[in-house]
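This is final.cif. It holds mmCIF, C-alpha atoms.
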data_data
#
loop_
_atom_site.label_atom_id
_atom_site.label_comp_id
_atom_site.auth_asym_id
_atom_site.auth_seq_id
_atom_site.Cartn_x
_atom_site.Cartn_y
_atom_site.Cartn_z
CA MET A 1 0.00 0.00 0.00
CA PRO A 2 1.51 3.40 -0.98
CA LEU A 3 2.22 5.84 1.83
CA PRO A 4 -0.27 8.61 2.65
CA THR A 5 0.68 11.83 0.90
CA VAL A 6 0.22 15.44 1.99
CA ILE A 7 0.29 18.39 -0.46
CA VAL A 8 1.59 21.70 0.93
CA PRO A 9 0.30 24.74 -1.02
CA GLY A 10 2.48 27.59 -2.22
CA TYR A 11 2.55 31.13 -0.83
CA LEU A 12 -0.85 32.87 -0.72
CA GLU A 13 -2.45 29.82 -2.32
CA SER A 14 -5.47 27.84 -1.14
CA ALA A 15 -6.04 24.10 -1.12
CA ILE A 16 -8.63 24.25 -3.90
CA ALA A 17 -5.93 25.00 -6.50
CA TYR A 18 -4.41 21.54 -5.88
CA ARG A 19 -7.62 19.55 -6.25
CA GLN A 20 -6.68 18.13 -9.66
CA LEU A 21 -3.27 16.99 -8.40
CA GLU A 22 -4.86 15.48 -5.31
CA GLN A 23 -7.36 13.52 -7.44
CA SER A 24 -4.63 12.36 -9.85
CA LEU A 25 -2.62 10.91 -6.95
CA GLN A 26 -5.70 9.29 -5.43
CA GLN A 27 -6.38 7.58 -8.76
CA LEU A 28 -2.81 6.23 -8.61
CA ASN A 29 -3.69 4.72 -5.19
CA PHE A 30 -1.82 7.29 -3.09
CA PRO A 31 -4.11 8.36 -0.22
CA THR A 32 -3.69 12.12 -0.61
CA VAL A 33 -4.87 15.26 1.19
CA THR A 34 -3.96 18.91 0.81
CA VAL A 35 -3.33 21.09 3.84
CA PRO A 36 -6.75 22.84 3.97
CA LEU A 37 -5.45 26.38 3.62
CA GLN A 38 -7.46 29.35 2.45
CA ARG A 39 -5.83 32.47 1.08
CA ARG A 40 -6.67 34.46 4.20
CA ASP A 41 -4.62 32.01 6.30
CA TRP A 42 -1.48 33.53 4.79
CA LEU A 43 -2.29 37.12 5.85
CA PRO A 44 -0.46 36.89 9.23
CA THR A 45 2.71 35.82 7.38
CA ILE A 46 2.92 38.72 4.93
CA GLY A 47 5.98 40.96 5.12
CA GLY A 48 8.43 38.28 6.16
CA ARG A 49 6.65 37.42 9.39
CA PRO A 50 6.84 33.84 10.71
CA VAL A 51 4.89 31.18 8.82
CA THR A 52 3.91 29.49 12.09
CA PRO A 53 0.14 29.47 11.30
CA ILE A 54 0.84 27.48 8.13
CA LEU A 55 3.18 25.09 9.96
CA GLN A 56 0.50 24.46 12.58
CA GLN A 57 -2.05 23.51 9.93
CA LEU A 58 0.51 21.30 8.20
CA ASP A 59 1.19 19.49 11.49
CA VAL A 60 -2.52 18.88 12.15
CA THR A 61 -3.01 17.54 8.60
CA VAL A 62 -0.03 15.18 8.86
CA LYS A 63 -1.16 13.78 12.22
CA GLN A 64 -4.70 13.28 10.96
CA ILE A 65 -3.68 11.32 7.84
CA LEU A 66 -1.20 9.21 9.82
CA GLN A 67 -3.93 8.27 12.27
CA GLN A 68 -6.53 7.73 9.55
CA HIS A 69 -4.32 5.25 7.68
CA ASN A 70 -2.59 3.77 10.73
CA ALA A 71 0.74 4.79 9.17
CA THR A 72 4.05 5.90 10.65
CA GLN A 73 5.34 7.92 7.66
CA ILE A 74 4.13 10.08 4.80
CA ASN A 75 5.21 11.60 1.51
CA LEU A 76 5.24 15.42 1.38
CA ILE A 77 4.63 17.19 -1.94
CA ALA A 78 5.35 20.87 -1.49
CA HIS A 79 4.73 23.57 -4.08
CA SER A 80 6.75 26.79 -4.17
CA ALA A 81 7.11 28.27 -0.64
CA GLY A 82 5.57 25.06 0.69
CA GLY A 83 8.97 23.45 0.06
CA TRP A 84 10.97 25.57 2.48
CA ILE A 85 8.07 25.57 4.92
CA SER A 86 8.26 21.76 4.87
CA ARG A 87 11.98 21.92 5.61
CA ILE A 88 11.24 24.04 8.70
CA TYR A 89 8.56 21.52 9.71
CA MET A 90 11.02 18.61 9.53
CA GLY A 91 13.64 20.47 11.56
CA GLU A 92 14.94 20.21 15.11
CA LYS A 93 15.80 23.86 15.79
CA PRO A 94 13.27 26.18 17.47
CA TYR A 95 11.65 28.33 14.81
CA PHE A 96 10.54 31.88 15.53
CA ALA A 97 12.06 34.07 12.77
CA ARG A 98 11.44 37.17 14.90
CA SER A 99 12.60 37.71 18.48
CA ASN A 100 9.18 38.76 19.81
CA VAL A 101 7.48 35.51 18.76
CA GLU A 102 7.40 32.39 20.92
CA PRO A 103 9.57 29.71 19.26
CA SER A 104 7.94 26.58 17.84
CA LEU A 105 9.32 23.15 17.11
CA TRP A 106 7.95 20.18 15.15
CA GLN A 107 10.92 17.81 14.57
CA ALA A 108 8.89 15.96 11.92
CA HIS A 109 11.69 14.49 9.81
CA PRO A 110 11.14 10.94 11.17
CA LEU A 111 7.59 11.13 9.81
CA VAL A 112 8.67 12.01 6.24
CA THR A 113 9.94 9.39 3.81
CA THR A 114 10.07 11.60 0.71
CA LEU A 115 9.90 15.37 0.28
CA ILE A 116 9.17 16.47 -3.29
CA THR A 117 9.45 20.21 -3.90
CA LEU A 118 7.85 21.71 -7.01
CA GLY A 119 9.28 25.05 -8.14
CA THR A 120 10.40 25.91 -4.60
CA PRO A 121 12.72 28.92 -4.26
CA HIS A 122 15.20 27.42 -1.80
CA ILE A 123 17.20 30.67 -1.91
CA SER A 124 16.10 34.29 -2.17
CA GLN A 125 17.56 37.79 -2.30
CA GLU A 126 14.14 39.31 -1.57
CA ARG A 127 14.32 40.99 1.83
CA TRP A 128 10.91 39.89 3.13
CA THR A 129 11.61 36.23 2.37
CA ARG A 130 15.19 36.12 3.55
CA SER A 131 14.52 35.97 7.29
CA ASN A 132 12.71 32.67 6.80
CA LEU A 133 14.94 31.26 4.06
CA ASP A 134 18.15 32.17 5.87
CA PHE A 135 16.81 30.24 8.87
CA VAL A 136 16.30 27.17 6.67
CA THR A 137 19.61 27.48 4.81
CA ASN A 138 21.69 28.07 7.93
CA ASN A 139 20.13 25.25 9.97
CA TYR A 140 19.26 22.63 7.33
CA PRO A 141 21.51 23.16 4.29
CA GLY A 142 20.92 21.01 1.22
CA ALA A 143 19.32 17.57 1.54
CA PHE A 144 19.95 17.78 5.26
CA TYR A 145 18.22 14.74 6.76
CA LYS A 146 19.70 11.49 5.48
CA ASN A 147 16.55 9.57 6.43
CA VAL A 148 14.49 11.75 4.05
CA ARG A 149 14.59 11.46 0.26
CA TYR A 150 14.68 14.97 -1.22
CA VAL A 151 13.45 15.39 -4.79
CA CYS A 152 13.57 18.95 -6.18
CA VAL A 153 11.71 19.63 -9.41
CA ALA A 154 12.42 22.75 -11.50
CA GLY A 155 10.79 24.01 -14.68
CA LYS A 156 12.65 25.16 -17.78
CA THR A 157 10.07 27.23 -19.60
CA ILE A 158 10.89 30.94 -19.74
CA PHE A 159 14.28 32.60 -20.11
CA GLY A 160 14.30 35.85 -18.19
CA GLU A 161 14.90 38.91 -20.35
CA ARG A 162 14.14 42.62 -20.16
CA ARG A 163 11.55 42.53 -22.88
CA ARG A 164 7.83 42.06 -23.28
CA GLY A 165 6.72 38.58 -22.29
CA SER A 166 9.84 37.84 -20.22
CA TRP A 167 10.00 40.84 -17.89
CA LEU A 168 8.08 39.21 -15.00
CA ALA A 169 10.34 36.15 -15.20
CA TYR A 170 13.45 38.34 -15.34
CA SER A 171 12.37 40.34 -12.27
CA SER A 172 11.36 37.27 -10.28
CA TYR A 173 14.56 35.38 -11.09
CA LYS A 174 16.68 38.41 -10.16
CA LEU A 175 14.90 38.77 -6.81
CA THR A 176 15.42 35.08 -6.15
CA CYS A 177 18.96 34.21 -7.26
CA GLY A 178 20.47 37.61 -8.08
CA LYS A 179 20.36 37.36 -11.87
CA GLY A 180 17.48 37.68 -14.29
CA ASN A 181 19.00 36.25 -17.48
CA THR A 182 18.48 32.59 -16.67
CA TRP A 183 15.99 29.76 -17.16
CA GLY A 184 13.10 28.91 -14.88
CA ASP A 185 9.37 28.25 -14.65
CA GLY A 186 8.45 31.94 -14.99
CA ILE A 187 8.74 32.60 -11.25
CA THR A 188 11.48 30.36 -9.79
CA PRO A 189 14.83 29.99 -11.58
CA ILE A 190 16.23 26.48 -11.94
CA GLU A 191 19.27 27.12 -9.76
CA ALA A 192 17.08 28.23 -6.83
CA ALA A 193 14.74 25.24 -7.17
CA HIS A 194 17.48 22.64 -6.64
CA LEU A 195 19.27 21.54 -3.48
CA GLU A 196 22.72 20.09 -3.04
CA GLY A 197 22.47 16.38 -2.32
CA ALA A 198 18.88 16.08 -3.56
CA GLU A 199 17.63 14.28 -6.64
CA ASN A 200 17.24 17.34 -8.86
CA LEU A 201 14.98 17.23 -11.90
CA VAL A 202 14.30 19.70 -14.71
CA ILE A 203 11.08 19.47 -16.71
CA GLU A 204 10.68 21.59 -19.83
CA GLY A 205 7.56 23.52 -20.70
CA ILE A 206 5.87 23.76 -17.30
CA LYS A 207 4.61 26.90 -15.60
CA HIS A 208 5.00 27.71 -11.92
CA SER A 209 1.42 27.98 -10.67
CA PRO A 210 -1.60 25.66 -10.76
CA ARG A 211 -3.71 28.72 -11.60
CA THR A 212 -1.66 29.64 -14.68
CA PRO A 213 -3.22 28.64 -18.02
CA GLY A 214 -1.40 25.68 -19.53
CA ILE A 215 0.70 22.96 -17.93
CA TRP A 216 2.14 23.20 -14.42
CA TYR A 217 4.10 20.78 -12.19
CA GLY A 218 1.01 18.87 -11.10
CA SER A 219 -0.54 18.42 -14.56
CA PRO A 220 -0.91 14.77 -15.67
CA GLU A 221 2.11 14.69 -18.05
CA PRO A 222 4.73 16.31 -15.74
CA LEU A 223 3.38 14.22 -12.87
CA LYS A 224 4.69 11.10 -14.62
CA ALA A 225 8.26 12.45 -14.36
CA TRP A 226 8.30 12.80 -10.58
CA MET A 227 5.61 10.51 -9.14
CA GLN A 228 8.03 7.57 -9.41
CA TYR A 229 9.79 8.98 -6.33
CA LEU A 230 6.73 8.55 -4.16
CA ILE A 231 6.73 5.47 -1.95
#
Would it be possible to restate this file's structure as structure tokens?
Amino acid sequence: MPLPTVIVPGYLESAIAYRQLEQSLQQLNFPTVTVPLQRRDWLPTIGGRPVTPILQQLDVTVKQILQQHNATQINLIAHSAGGWISRIYMGEKPYFARSNVEPSLWQAHPLVTTLITLGTPHISQERWTRSNLDFVTNNYPGAFYKNVRYVCVAGKTIFGERRRGSWLAYSSYKLTCGKGNTWGDGITPIEAAHLEGAENLVIEGIKHSPRTPGIWYGSPEPLKAWMQYLI
């Protein structure tokens, strides 16, 4: 029986956007749920504040699916910011991100067999994101936990340029990795989406977001490239 699987939404995204991916995995016999976030749940995290409310909902969802299926481990599929949020969740260092917030700790890495990140910016130059991402990078660099299989999926779709049609990609890549003239999924550049020591994949022709018209990471065809890593 495949392991239960939890989908972690990207920044400012709600669970409903991942319904198609959830159903696709269920049809492949992976018992799958998405952390039941709504867009308003992200409001307390805006401006680089701690993502503790999201981590708390992730923890509740993981414990519920473990109990429901009488399992001891899960797969995590994390889109965009959900990837670095999942790395905080697995960690053993108190997380607070700001000094006036009570630290929290989940130590969930023994519960996770495989972490698959989809278009996750594992690095960032953007000042609001850096407080959180620096915490992750400094405490859990690369594929940190040897008991967890890290699979990092990047998209090679849009080359960032200062011209019409590529300007958003250029700006987003530059904010993320410090240079705009590079390949990515339109939001996250390839070099930011990969981790040292992980199984790093590149899929051509996929867009960053499930709400973007066209094919994204969780569409049926790209899914075939990375679902083999689920257990």
Contacts of Thr52 (chain A) at 10 Å or less, counting all atoms listed in the file, minus same-chain residues fewer than 4 places along, as JSON, numbers by chain?
-> {"A": [42, 44, 45, 56, 57, 58, 85, 88, 89, 95, 96, 97, 101, 102, 103, 104, 105]}
CA of Glu204 (chain A) sits from CA of Pro222 (chain A) at a separation of 8.9 Å
Closest-contact table, region 46-92 of chain A side, partner region 122-143 of chain A, 12 Å, counting all atoms listed in the file, as a Markdown table:
| residue | atom | partner | partner_atom | distance |
| --- | --- | --- | --- | --- |
| A:Ile46 | CA | A:Trp128 | CA | 8.3 |
| A:Gly47 | CA | A:Trp128 | CA | 5.4 |
| A:Gly48 | CA | A:Trp128 | CA | 4.2 |
| A:Arg49 | CA | A:Trp128 | CA | 8.0 |
| A:Pro50 | CA | A:Asn132 | CA | 7.1 |
| A:Val51 | CA | A:Asn132 | CA | 8.2 |
| A:Thr52 | CA | A:Asn132 | CA | 10.7 |
| A:Ala78 | CA | A:His122 | CA | 11.8 |
| A:His79 | CA | A:His122 | CA | 11.4 |
| A:Ser80 | CA | A:His122 | CA | 8.8 |
| A:Ala81 | CA | A:His122 | CA | 8.2 |
| A:Gly82 | CA | A:His122 | CA | 10.2 |
| A:Gly83 | CA | A:His122 | CA | 7.6 |
| A:Trp84 | CA | A:His122 | CA | 6.3 |
| A:Ile85 | CA | A:Val136 | CA | 8.6 |
| A:Ser86 | CA | A:Val136 | CA | 9.9 |
| A:Arg87 | CA | A:Val136 | CA | 6.9 |
| A:Ile88 | CA | A:Val136 | CA | 6.3 |
| A:Tyr89 | CA | A:Val136 | CA | 10.1 |
| A:Met90 | CA | A:Tyr140 | CA | 9.4 |
| A:Gly91 | CA | A:Tyr140 | CA | 7.4 |
| A:Glu92 | CA | A:Asn139 | CA | 8.9 |
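Put simply, CA of His194 (chain A) is 16.3 Å away from CA of Ser172 (chain A).
Going from CA of Pro94 (chain A) over to CA of Lys146 (chain A), you cover 20.0 Å.
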In file coordinates, which residues lie within 8 Å of (-6.4, 26.8, 1.5) using all atoms listed in the file, given as a ChimeraX atom specification?
-> /A:9,13-16,35-39,41
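Using all atoms listed in the file, the smallest distance between any of A:Arg40, A:Glu161, A:Gly205, A:Leu3 and Gln26 (chain A) comes from A:Leu3.
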